[in-house]
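As structure tokens, the structure follows; a few thoughts come after it.
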Amino acid sequence: MTRSIIFLVAAIAGLATGCAASHTARPTGSVNDQGLVALRSFAGCVRAHGLPSFPDPVLSRSGVPQFPENAPSVTGGALTACREVAARIPPQYTETAPVSASDFQKLRVLARCVRAHGVPDWPDPNSLGQFPIPSRIETGGKTLFIPAVHACARLNPDPNGGIHVVRAR
């Protein structure tokens with residue numbers, strides 16, 4: 001579970017979808033609403049256990065709850081204390097299931113394309129379909145890689161065009 005939450009926070013914090021967020025959506029009982037409630041509970045627990053400035057999740061324009069890109073990774077005591085709260089987060093928000101072999105191969109092709117379009121140190125995906133980006137890319141921000149990702153969008157197996165980036169260890 002500890003690994004799940006680390007991936008959850010890292011993946012959500014590092015989503016490179018470029019979507020604006022909104023706090024104005026009304027609950028309708030959908031899976032996204034359940035995810036938003038669970039992520040809000042997790043954020044509250046994290047704040048209560050050592051990270052008082054941890055942000056609430058927001059809704060992207062497509063209605064998918066996510067933590068803002070600047071959300072810090074949750075580790076140590078806060079992670080341990082919030083384990084039960086995290087267990088209530090719907091599975092599709094934890095990013096712990098490996099991608100299919102077919103999608104993994106497509107993501108590798110996408111990575112090669114991004115490298116060919118000006119980001120030579122863009123990594124191959126990990127087994128979860130996340131791209132563990134090095135500090136140079138992280139420091140450069142989205143403007144460093146978004147043009148290349150857009151140029152290669154036709155190769156992305158995600159029908160919504162999103163990619164998951166995480167901080168390389």
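Labels for the structure tokens follow display order: chains A, B, ..., residues from 1 in each chain, ligands from 1.
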Fewer than 2 positions away in the same chain doesn't count, so skip those; otherwise give me all residues within 8 Å of range 140-153 of chain A, counting only C-alpha atoms, as a list in words. Ala16, Leu110, Cys113, Val114, Arg115, His117, Gly118, Val119, Arg136, Ile137, Glu138, Leu155, Asn156 and Gly161 of chain A
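Between CA of His49 in chain A and CA of Cys82 in chain A the interatomic distance comes to 8.0 Å.
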Would you give me, as a ChimeraX atom specification, the residues in range 41-79 of chain A that DSSP reads as alpha helix (DSSP H)? /A:41-48,76-79
Generate the output file for the selected residues, N, CA and C atoms, as a short mmCIF file (atom, residue, chain, number, x, y, z; two decimals), in the first residue's frame.
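again13.cif, written as the output of this step:
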data_model
loop_
_atom_site.label_atom_id
_atom_site.label_comp_id
_atom_site.auth_asym_id
_atom_site.auth_seq_id
_atom_site.Cartn_x
_atom_site.Cartn_y
_atom_site.Cartn_z
N SER A 41 -10.40 13.35 1.31
CA SER A 41 -10.17 12.75 2.63
C SER A 41 -8.68 12.48 2.84
N PHE A 42 -8.04 11.96 1.80
CA PHE A 42 -6.61 11.69 1.88
C PHE A 42 -5.83 12.98 2.11
N ALA A 43 -6.17 14.04 1.36
CA ALA A 43 -5.49 15.33 1.52
C ALA A 43 -5.66 15.85 2.94
N GLY A 44 -6.86 15.75 3.49
CA GLY A 44 -7.10 16.21 4.86
C GLY A 44 -6.28 15.43 5.87
N CYS A 45 -6.19 14.13 5.67
CA CYS A 45 -5.39 13.29 6.57
C CYS A 45 -3.92 13.67 6.49
N VAL A 46 -3.43 13.86 5.28
CA VAL A 46 -2.03 14.23 5.09
C VAL A 46 -1.73 15.56 5.78
N ARG A 47 -2.64 16.52 5.63
CA ARG A 47 -2.45 17.82 6.30
C ARG A 47 -2.42 17.66 7.82
N ALA A 48 -3.27 16.79 8.33
CA ALA A 48 -3.34 16.58 9.78
C ALA A 48 -2.13 15.83 10.33
N GLY A 76 6.82 8.99 4.80
CA GLY A 76 7.02 8.95 6.25
C GLY A 76 5.75 8.79 7.06
N GLY A 77 5.68 9.56 8.15
CA GLY A 77 4.58 9.45 9.10
C GLY A 77 3.22 9.74 8.51
N ALA A 78 3.15 10.72 7.62
CA ALA A 78 1.87 11.05 7.00
C ALA A 78 1.36 9.88 6.17
N LEU A 79 2.25 9.26 5.44
CA LEU A 79 1.87 8.11 4.62
C LEU A 79 1.38 6.96 5.48
#
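For range 24-153 of chain A, backbone-based DSSP assignment of strand (DSSP E) covers Val58, Leu59, Ser60, Pro65, Gln66, Gln130, Phe131, Pro132 and Ile133 of chain A.
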Next, dump the selected residues to file, keeping only N, CA, C and O atoms, as a PDB file, in the first residue's frame.
ATOM      1  N   VAL A  58      -8.315  18.724  -7.267  1.00  0.00           N
ATOM      2  CA  VAL A  58      -9.143  19.582  -8.112  1.00  0.00           C
ATOM      3  C   VAL A  58      -9.700  18.737  -9.243  1.00  0.00           C
ATOM      4  O   VAL A  58      -9.230  17.622  -9.480  1.00  0.00           O
ATOM      5  N   LEU A  59     -10.691  19.266  -9.929  1.00  0.00           N
ATOM      6  CA  LEU A  59     -11.248  18.575 -11.084  1.00  0.00           C
ATOM      7  C   LEU A  59     -10.693  19.193 -12.354  1.00  0.00           C
ATOM      8  O   LEU A  59     -10.709  20.415 -12.518  1.00  0.00           O
ATOM      9  N   SER A  60     -10.210  18.338 -13.234  1.00  0.00           N
ATOM     10  CA  SER A  60      -9.769  18.826 -14.536  1.00  0.00           C
ATOM     11  C   SER A  60     -11.002  19.197 -15.349  1.00  0.00           C
ATOM     12  O   SER A  60     -12.135  18.899 -14.950  1.00  0.00           O
ATOM     13  N   PRO A  65     -10.739  13.906 -11.062  1.00  0.00           N
ATOM     14  CA  PRO A  65     -10.054  14.498  -9.918  1.00  0.00           C
ATOM     15  C   PRO A  65      -8.560  14.181  -9.943  1.00  0.00           C
ATOM     16  O   PRO A  65      -8.158  13.080 -10.323  1.00  0.00           O
ATOM     17  N   GLN A  66      -7.774  15.163  -9.551  1.00  0.00           N
ATOM     18  CA  GLN A  66      -6.326  14.985  -9.507  1.00  0.00           C
ATOM     19  C   GLN A  66      -5.743  16.000  -8.543  1.00  0.00           C
ATOM     20  O   GLN A  66      -6.358  17.019  -8.264  1.00  0.00           O
ATOM     21  N   GLN A 130       4.189   4.952 -16.537  1.00  0.00           N
ATOM     22  CA  GLN A 130       4.618   6.293 -16.133  1.00  0.00           C
ATOM     23  C   GLN A 130       6.001   6.567 -16.704  1.00  0.00           C
ATOM     24  O   GLN A 130       6.810   5.661 -16.841  1.00  0.00           O
ATOM     25  N   PHE A 131       6.258   7.846 -16.976  1.00  0.00           N
ATOM     26  CA  PHE A 131       7.566   8.251 -17.460  1.00  0.00           C
ATOM     27  C   PHE A 131       8.340   8.889 -16.310  1.00  0.00           C
ATOM     28  O   PHE A 131       7.989   9.992 -15.870  1.00  0.00           O
ATOM     29  N   PRO A 132       9.358   8.206 -15.767  1.00  0.00           N
ATOM     30  CA  PRO A 132      10.154   8.769 -14.667  1.00  0.00           C
ATOM     31  C   PRO A 132      11.148   9.802 -15.201  1.00  0.00           C
ATOM     32  O   PRO A 132      12.234   9.470 -15.649  1.00  0.00           O
ATOM     33  N   ILE A 133      10.741  11.057 -15.173  1.00  0.00           N
ATOM     34  CA  ILE A 133      11.540  12.101 -15.801  1.00  0.00           C
ATOM     35  C   ILE A 133      12.714  12.527 -14.932  1.00  0.00           C
ATOM     36  O   ILE A 133      12.603  12.604 -13.713  1.00  0.00           O
TER      37      ILE A 133
END
If we count only C-alpha atoms, what is near Arg88 in chain A at a cut-off of 10 Å, once residues fewer than 5 positions away on the same chain are taken out, given as a PyMOL selection string? chain A and resi 34-35+37-39+41-42+83
Please list as JSON, numbers by chain every residue within 9 Å of Arg112 in chain A, counting only C-alpha atoms and excluding residues in the same chain fewer than 4 positions away. {"A": [107, 108, 116, 117, 120, 122, 123, 124]}
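Distance check against Phe104 in chain A using only C-alpha atoms: of A:Pro125, A:Ala86, A:Glu69, A:Ala81, the minimum falls on A:Pro125.
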